[in-house]
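Colleague: Take a look at input_36.tsv, TSV, C-alpha atoms:
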```tsv
chain	number	residue	atom	x	y	z
T	1	MET	CA	-18.67	-47.25	-12.28
T	2	SER	CA	-21.83	-47.76	-10.26
T	3	ASN	CA	-23.86	-44.77	-9.17
T	4	SER	CA	-23.52	-45.85	-5.52
T	5	SER	CA	-19.74	-45.23	-5.61
T	6	LEU	CA	-20.18	-41.48	-6.13
T	7	GLY	CA	-19.33	-39.08	-3.34
T	8	THR	CA	-20.78	-35.84	-1.96
T	9	VAL	CA	-19.99	-32.18	-2.30
T	10	THR	CA	-21.04	-29.75	0.41
T	11	PHE	CA	-21.33	-26.00	-0.07
T	12	MET	CA	-21.22	-23.80	3.04
T	13	SER	CA	-21.79	-20.14	3.78
T	14	SER	CA	-19.55	-18.98	6.58
T	15	GLY	CA	-16.81	-16.38	6.63
T	16	GLU	CA	-15.46	-17.89	9.81
T	17	MET	CA	-15.36	-21.46	11.08
T	18	SER	CA	-18.83	-21.68	12.61
T	19	ALA	CA	-19.88	-24.23	15.23
T	20	ARG	CA	-23.39	-23.98	13.73
T	21	LEU	CA	-22.08	-25.84	10.68
T	22	SER	CA	-20.62	-28.73	12.68
T	23	PRO	CA	-23.75	-30.89	12.10
T	24	ALA	CA	-23.13	-30.67	8.34
T	25	HIS	CA	-19.53	-31.79	8.78
T	26	ARG	CA	-20.67	-34.62	11.05
T	27	ALA	CA	-23.33	-35.75	8.59
T	28	VAL	CA	-20.71	-36.06	5.87
T	29	LEU	CA	-18.16	-37.69	8.19
T	30	ALA	CA	-20.77	-40.28	9.12
T	31	ARG	CA	-20.78	-41.50	5.51
T	32	LEU	CA	-17.18	-42.68	5.73
T	33	ASP	CA	-16.68	-46.42	5.98
T	34	GLU	CA	-12.91	-46.14	6.42
T	35	PRO	CA	-10.53	-44.12	8.62
T	36	LEU	CA	-10.72	-40.38	8.08
T	37	ARG	CA	-8.04	-38.80	5.90
T	38	ALA	CA	-9.01	-35.12	5.99
T	39	ILE	CA	-7.08	-32.27	4.43
T	40	PHE	CA	-7.48	-28.49	4.27
T	41	LEU	CA	-6.44	-26.80	1.02
T	42	ASP	CA	-5.41	-23.16	1.51
T	43	THR	CA	-5.51	-21.87	-2.09
T	44	PRO	CA	-8.47	-19.40	-1.94
T	45	ALA	CA	-6.59	-17.31	0.65
T	46	GLY	CA	-3.17	-17.92	-0.85
T	47	PHE	CA	-2.67	-14.24	-1.65
T	48	GLN	CA	-3.48	-13.12	1.90
T	49	GLU	CA	-0.80	-12.45	4.48
T	50	ASN	CA	-2.84	-14.39	7.05
T	51	ALA	CA	-3.30	-17.51	4.89
T	52	ALA	CA	-1.32	-19.68	7.32
T	53	ALA	CA	-3.37	-18.45	10.27
T	54	LEU	CA	-6.64	-19.27	8.46
T	55	ALA	CA	-5.40	-22.79	7.77
T	56	GLU	CA	-4.44	-23.29	11.42
T	57	LYS	CA	-7.86	-22.02	12.43
T	58	ALA	CA	-9.45	-24.77	10.32
T	59	VAL	CA	-7.26	-27.37	12.01
T	60	GLU	CA	-8.27	-26.08	15.44
T	61	TYR	CA	-11.94	-26.06	14.41
T	62	PHE	CA	-11.79	-29.73	13.44
T	63	LYS	CA	-10.01	-30.66	16.66
T	64	HIS	CA	-12.28	-28.65	18.98
T	65	ASN	CA	-15.70	-29.05	17.32
T	66	LEU	CA	-15.41	-32.40	15.55
T	67	GLN	CA	-12.68	-34.17	17.55
T	68	GLN	CA	-10.93	-35.02	14.28
T	69	ASN	CA	-7.50	-34.33	12.81
T	70	LEU	CA	-7.14	-32.14	9.72
T	71	SER	CA	-3.89	-31.88	7.76
T	72	ILE	CA	-2.94	-28.74	5.84
T	73	VAL	CA	-2.06	-29.08	2.17
T	74	SER	CA	-0.59	-25.80	0.98
T	75	PHE	CA	-0.95	-24.63	-2.62
T	76	LYS	CA	-0.94	-20.86	-2.65
T	77	SER	CA	-0.09	-20.02	-6.27
T	78	LYS	CA	-0.12	-21.86	-9.61
T	79	GLN	CA	2.30	-19.28	-11.00
T	80	GLU	CA	4.91	-20.08	-8.36
T	81	ALA	CA	4.48	-23.88	-8.41
T	82	THR	CA	6.36	-26.38	-10.54
T	83	PRO	CA	4.44	-29.10	-12.42
T	84	GLU	CA	5.85	-31.59	-9.93
T	85	GLN	CA	4.48	-29.58	-7.00
T	86	MET	CA	1.03	-29.35	-8.60
T	87	ASN	CA	1.01	-33.08	-9.20
T	88	GLU	CA	1.99	-33.72	-5.58
T	89	VAL	CA	-0.92	-31.61	-4.32
T	90	ALA	CA	-3.26	-33.46	-6.68
T	91	THR	CA	-1.96	-36.77	-5.32
T	92	GLN	CA	-2.66	-35.64	-1.75
T	93	ILE	CA	-6.22	-34.67	-2.74
T	94	ARG	CA	-6.80	-38.04	-4.39
T	95	SER	CA	-5.39	-39.84	-1.33
T	96	ALA	CA	-7.71	-38.03	1.09
T	97	ASN	CA	-11.35	-38.92	1.61
T	98	TYR	CA	-12.41	-35.55	3.05
T	99	VAL	CA	-11.22	-32.37	1.35
T	100	PHE	CA	-12.01	-28.96	2.88
T	101	ALA	CA	-11.34	-25.47	1.47
T	102	GLY	CA	-12.77	-22.15	2.47
T	103	PRO	CA	-12.44	-18.38	2.65
T	104	GLY	CA	-10.46	-16.09	0.39
T	105	SER	CA	-11.22	-14.86	-3.12
T	106	PRO	CA	-13.32	-16.96	-5.51
T	107	THR	CA	-11.65	-15.58	-8.64
T	108	TYR	CA	-8.19	-16.17	-7.14
T	109	ALA	CA	-9.17	-19.77	-6.37
T	110	VAL	CA	-10.45	-20.26	-9.93
T	111	ARG	CA	-7.26	-18.85	-11.50
T	112	ASN	CA	-5.09	-21.17	-9.46
T	113	TRP	CA	-7.18	-24.35	-9.73
T	114	ILE	CA	-8.71	-24.32	-13.20
T	115	ASP	CA	-6.99	-26.36	-15.91
T	116	THR	CA	-4.64	-28.01	-13.40
T	117	PRO	CA	-4.21	-31.54	-12.02
T	118	ILE	CA	-5.81	-30.19	-8.84
T	119	ALA	CA	-9.13	-29.57	-10.60
T	120	ASP	CA	-8.90	-33.06	-12.06
T	121	ALA	CA	-8.31	-34.45	-8.56
T	122	PHE	CA	-11.48	-32.78	-7.24
T	123	ALA	CA	-13.49	-34.44	-10.00
T	124	ALA	CA	-11.81	-37.80	-9.38
T	125	GLN	CA	-12.68	-37.59	-5.69
T	126	LEU	CA	-16.38	-37.29	-6.46
T	127	ARG	CA	-16.31	-40.15	-8.95
T	128	SER	CA	-14.56	-42.43	-6.46
T	129	GLY	CA	-16.79	-41.74	-3.45
T	130	GLY	CA	-14.81	-38.99	-1.74
T	131	HIS	CA	-16.29	-36.04	0.10
T	132	LEU	CA	-15.55	-32.42	-0.79
T	133	VAL	CA	-16.54	-29.52	1.47
T	134	PHE	CA	-16.24	-25.99	0.13
T	135	ALA	CA	-17.05	-22.91	2.20
T	136	SER	CA	-17.52	-19.31	1.10
T	137	SER	CA	-15.09	-18.42	-1.72
T	138	ALA	CA	-14.14	-22.03	-2.41
T	139	ALA	CA	-17.83	-22.85	-2.87
T	140	ILE	CA	-18.27	-20.01	-5.35
T	141	ALA	CA	-15.25	-21.22	-7.32
T	142	MET	CA	-16.94	-24.57	-7.94
T	143	SER	CA	-19.76	-22.89	-9.90
T	144	ARG	CA	-20.19	-22.95	-13.65
T	145	HIS	CA	-20.73	-19.18	-13.37
T	146	VAL	CA	-18.65	-17.49	-10.66
T	147	VAL	CA	-19.64	-14.18	-9.08
T	148	PRO	CA	-16.47	-12.01	-8.83
T	149	VAL	CA	-17.28	-10.72	-5.37
T	150	TYR	CA	-14.32	-8.45	-4.68
T	151	GLU	CA	-14.24	-7.05	-8.19
T	152	LEU	CA	-17.90	-5.97	-7.97
T	153	TYR	CA	-18.18	-5.13	-4.27
T	154	LYS	CA	-14.79	-3.52	-3.67
T	155	ALA	CA	-13.47	-2.43	-7.07
T	156	GLY	CA	-16.67	-1.27	-8.75
T	157	HIS	CA	-16.47	-3.36	-11.91
T	158	ASP	CA	-19.55	-3.57	-14.11
T	159	PRO	CA	-21.56	-6.80	-13.67
T	160	TYR	CA	-19.98	-9.87	-15.25
T	161	TRP	CA	-19.45	-13.57	-14.55
T	162	VAL	CA	-16.28	-15.65	-14.52
T	163	ASP	CA	-16.04	-19.22	-15.80
T	164	GLY	CA	-15.57	-21.50	-12.80
T	165	LEU	CA	-14.49	-25.08	-12.22
T	166	ASP	CA	-18.03	-26.29	-12.99
T	167	LEU	CA	-17.63	-29.19	-10.56
T	168	LEU	CA	-21.18	-30.46	-10.98
T	169	GLY	CA	-21.52	-29.74	-14.68
T	170	PRO	CA	-20.66	-33.36	-15.59
T	171	PHE	CA	-23.64	-34.41	-13.46
T	172	GLY	CA	-26.08	-32.27	-15.41
T	173	LEU	CA	-26.20	-29.21	-13.10
T	174	GLU	CA	-25.45	-25.67	-14.26
T	175	LEU	CA	-24.97	-23.66	-11.08
T	176	ALA	CA	-24.01	-20.26	-9.75
T	177	ILE	CA	-23.30	-20.86	-6.07
T	178	MET	CA	-24.00	-17.78	-3.93
T	179	PRO	CA	-23.11	-17.99	-0.22
T	180	HIS	CA	-23.84	-15.08	2.15
T	181	TRP	CA	-27.29	-14.80	0.55
T	182	ASN	CA	-28.83	-12.93	3.51
T	183	ASN	CA	-25.69	-11.05	4.55
T	184	SER	CA	-26.42	-7.92	6.59
T	185	GLU	CA	-22.96	-6.44	7.15
T	186	GLY	CA	-24.00	-3.27	5.34
T	187	GLY	CA	-26.75	-2.64	7.88
T	188	ALA	CA	-29.15	0.14	6.94
T	189	ALA	CA	-26.46	1.98	4.96
T	190	PHE	CA	-26.09	-0.33	1.96
T	191	ASP	CA	-27.27	-3.70	0.68
T	192	THR	CA	-24.84	-6.61	1.13
T	193	ARG	CA	-27.31	-9.41	0.49
T	194	TYR	CA	-26.85	-11.92	-2.33
T	195	CYS	CA	-23.15	-12.59	-1.81
T	196	PHE	CA	-22.40	-8.90	-1.17
T	197	ILE	CA	-23.65	-7.67	-4.55
T	198	GLY	CA	-27.05	-6.36	-3.35
T	199	LYS	CA	-30.46	-6.51	-4.98
T	200	ARG	CA	-29.74	-3.99	-7.76
T	201	ARG	CA	-26.69	-5.83	-9.02
T	202	LEU	CA	-28.34	-9.22	-8.48
T	203	LYS	CA	-30.91	-8.40	-11.16
T	204	ALA	CA	-28.24	-7.10	-13.53
T	205	MET	CA	-26.12	-10.20	-12.95
T	206	GLU	CA	-29.07	-12.53	-13.40
T	207	ASP	CA	-29.85	-10.95	-16.77
T	208	LEU	CA	-26.37	-12.04	-17.94
T	209	LEU	CA	-26.91	-15.71	-17.06
T	210	PRO	CA	-28.19	-18.38	-19.45
T	211	GLU	CA	-31.76	-19.37	-18.57
T	212	SER	CA	-30.49	-22.88	-17.87
T	213	THR	CA	-28.54	-21.66	-14.82
T	214	HIS	CA	-29.78	-22.05	-11.25
T	215	MET	CA	-28.44	-19.83	-8.50
T	216	ILE	CA	-27.93	-21.67	-5.22
T	217	GLY	CA	-28.27	-19.08	-2.45
T	218	LEU	CA	-26.95	-20.06	0.98
T	219	ASP	CA	-27.91	-17.97	4.00
T	220	GLU	CA	-25.18	-17.27	6.53
T	221	ASN	CA	-24.10	-20.31	8.59
T	222	THR	CA	-25.95	-22.66	6.25
T	223	ALA	CA	-24.77	-25.71	4.31
T	224	CYS	CA	-26.16	-27.81	1.49
T	225	VAL	CA	-24.96	-31.39	0.97
T	226	PHE	CA	-25.25	-32.63	-2.63
T	227	ASP	CA	-25.47	-36.44	-2.68
T	228	LEU	CA	-24.37	-37.45	-6.17
T	229	ALA	CA	-25.66	-41.01	-5.91
T	230	ALA	CA	-29.12	-40.15	-4.54
T	231	HIS	CA	-29.51	-36.90	-6.52
T	232	THR	CA	-30.65	-35.09	-3.37
T	233	CYS	CA	-29.66	-31.92	-1.51
T	234	GLU	CA	-29.93	-31.67	2.29
T	235	VAL	CA	-29.93	-28.39	4.23
T	236	PHE	CA	-28.03	-27.88	7.51
T	237	GLY	CA	-27.28	-24.88	9.74
T	238	SER	CA	-29.34	-21.89	10.75
T	239	GLY	CA	-30.68	-20.52	7.47
T	240	ARG	CA	-32.24	-21.38	4.13
T	241	VAL	CA	-31.00	-22.66	0.84
T	242	VAL	CA	-32.60	-20.69	-1.99
T	243	VAL	CA	-32.87	-22.01	-5.53
T	244	ARG	CA	-33.35	-19.12	-7.95
T	245	ARG	CA	-33.81	-19.18	-11.71
T	246	VAL	CA	-34.99	-16.38	-14.01
T	247	GLY	CA	-36.19	-14.35	-11.03
T	248	GLN	CA	-38.22	-17.17	-9.45
T	249	GLU	CA	-37.21	-18.59	-6.08
T	250	LYS	CA	-37.87	-21.60	-3.91
T	251	SER	CA	-36.42	-21.81	-0.40
T	252	TYR	CA	-35.63	-24.80	1.79
T	253	PRO	CA	-35.21	-24.52	5.57
T	254	PRO	CA	-32.74	-26.49	7.71
T	255	GLY	CA	-33.51	-30.18	8.02
T	256	THR	CA	-35.18	-30.48	4.63
T	257	LYS	CA	-34.16	-32.30	1.46
T	258	PHE	CA	-34.98	-31.58	-2.15
T	259	GLY	CA	-34.26	-33.47	-5.34
T	260	TRP	CA	-32.21	-32.52	-8.34
T	261	ASP	CA	-35.40	-32.20	-10.32
T	262	GLU	CA	-35.52	-28.72	-8.74
T	263	LEU	CA	-32.24	-27.92	-10.52
T	264	ASN	CA	-33.01	-29.10	-14.05
```
Step by step, read the file and then write its structure as structure tokens.
Modeller:
Amino acid sequence: MSNSSLGTVTFMSSGEMSARLSPAHRAVLARLDEPLRAIFLDTPAGFQENAAALAEKAVEYFKHNLQQNLSIVSFKSKQEATPEQMNEVATQIRSANYVFAGPGSPTYAVRNWIDTPIADAFAAQLRSGGHLVFASSAAIAMSRHVVPVYELYKAGHDPYWVDGLDLLGPFGLELAIMPHWNNSEGGAAFDTRYCFIGKRRLKAMEDLLPESTHMIGLDENTACVFDLAAHTCEVFGSGRVVVRRVGQEKSYPPGTKFGWDELN
């Protein structure tokens, strides 16, 4: 397969559907040379009672902000699905050319996607020129090393990493994707930066990573488009993309590109 047939994967940092990320969606949509077949996969929020409402919100976002149709593909639980149902979802992913997934729990998404035909379908999409867009928890799940946000932030677990889908591992990148890098929900009371784990836990978590790993920090309402053919990353939205390794950081503002040599 020629390098030019490879697709893109976009990582976004947004808890809600943000109009400030519409330019990133449009930039990816502009790459299509055939009619759009866009789907929204609801797995990361499959455990939430409002999962259906979140999916409908994504559909409305596409219609209102992008003037495009988005179809919902529901796969809420691997445990409750038959092999035939998993294969059908994988077929729908392979048949789309724009796959979108977003908020929820990263570790829940990993448990329900890893070692399934669905994970294989994601990889096949990239190899065949498709476009994958993962926001918030879905973006984290695509890492080689997944930060267990809720377990650390809400349940008080000691620092640890979870093995993720490692979507870009076959392309030579070992990543820990960290949206909500500059989050300020904690205000002056407590530190919610660095994907809600704060500076103290960031250092402890970093010490557990192999030195070959790069953290990809995404400020709020910020997106990074990885072009697999060109080996470039382009920044969209209102914040920075931060590349961090062994305590050293480089940051890239909106409108800039950087090469994969920064990630090796």
Colleague: Could you please determine the separation between CA of Phe226 in chain T and CA of Phe11 in chain T in Å, to one decimal place?
Modeller: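 Pair CA of Phe226 in chain T / CA of Phe11 in chain T returns 8.1 Å.
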Colleague: Suppose you want the space between CA of Ser212 in chain T and CA of Ser143 in chain T; what is it in Å?
Modeller: 13.4 Å
Colleague: Which one of T:Met17, T:Val149, T:Ala139, T:Leu132 sits closest to Leu218 in chain T if you count all atoms listed in the file?
Modeller: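 Ranking T:Met17, T:Val149, T:Ala139, T:Leu132 by distance to Leu218 in chain T, first place goes to T:Ala139.
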Colleague: Taking 2 positions as the minimum chain separation for residues in the same chain, which residues sit within 12 Å of Gln48 in chain T when counting all atoms listed in the file? Answer as a count of residues only.
Modeller: 17
Colleague: Would you mind listing what lies within 10 Å of Lys250 in chain T as a PyMOL selection string, with only C-alpha atoms counted and same-chain residues fewer than 6 positions away left out?
Modeller: chain T and resi 240-244+262
Colleague: Find the spatial neighbours of Pro254 in chain T, counting all atoms listed in the file, within a cut-off of 7 Å - ignore same-chain residues fewer than 5 positions away - and output them as a PDB file with C-alpha atoms, in the coordinates of the input.
Modeller:
```
ATOM      1  CA  VAL T 235     -29.930 -28.390   4.230  1.00  0.00           C
ATOM      2  CA  PHE T 236     -28.030 -27.880   7.510  1.00  0.00           C
ATOM      3  CA  GLY T 237     -27.280 -24.880   9.740  1.00  0.00           C
ATOM      4  CA  SER T 238     -29.340 -21.890  10.750  1.00  0.00           C
ATOM      5  CA  GLY T 239     -30.680 -20.520   7.470  1.00  0.00           C
ATOM      6  CA  ARG T 240     -32.240 -21.380   4.130  1.00  0.00           C
TER       7      ARG T 240
END
```
Colleague: Mind checking which residues fall within 8 Å of Phe134 in chain T, counting only C-alpha atoms, ignoring those fewer than 4 positions away in the same chain, and posting them as a ChimeraX atom specification?
Modeller: /T:9-12,100-102,138-139
Colleague: Looking at T:Ala141, T:Leu6, T:Ala204, T:Ala123, which one is nearest to Ala109 in chain T, with distances taken over all atoms listed in the file?
Modeller: T:Ala141
Colleague: To one decimal place, how far is CA of Asn221 in chain T from CA of Pro106 in chain T in Å?
Modeller: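 Interatomic distance here is 18.1 Å.
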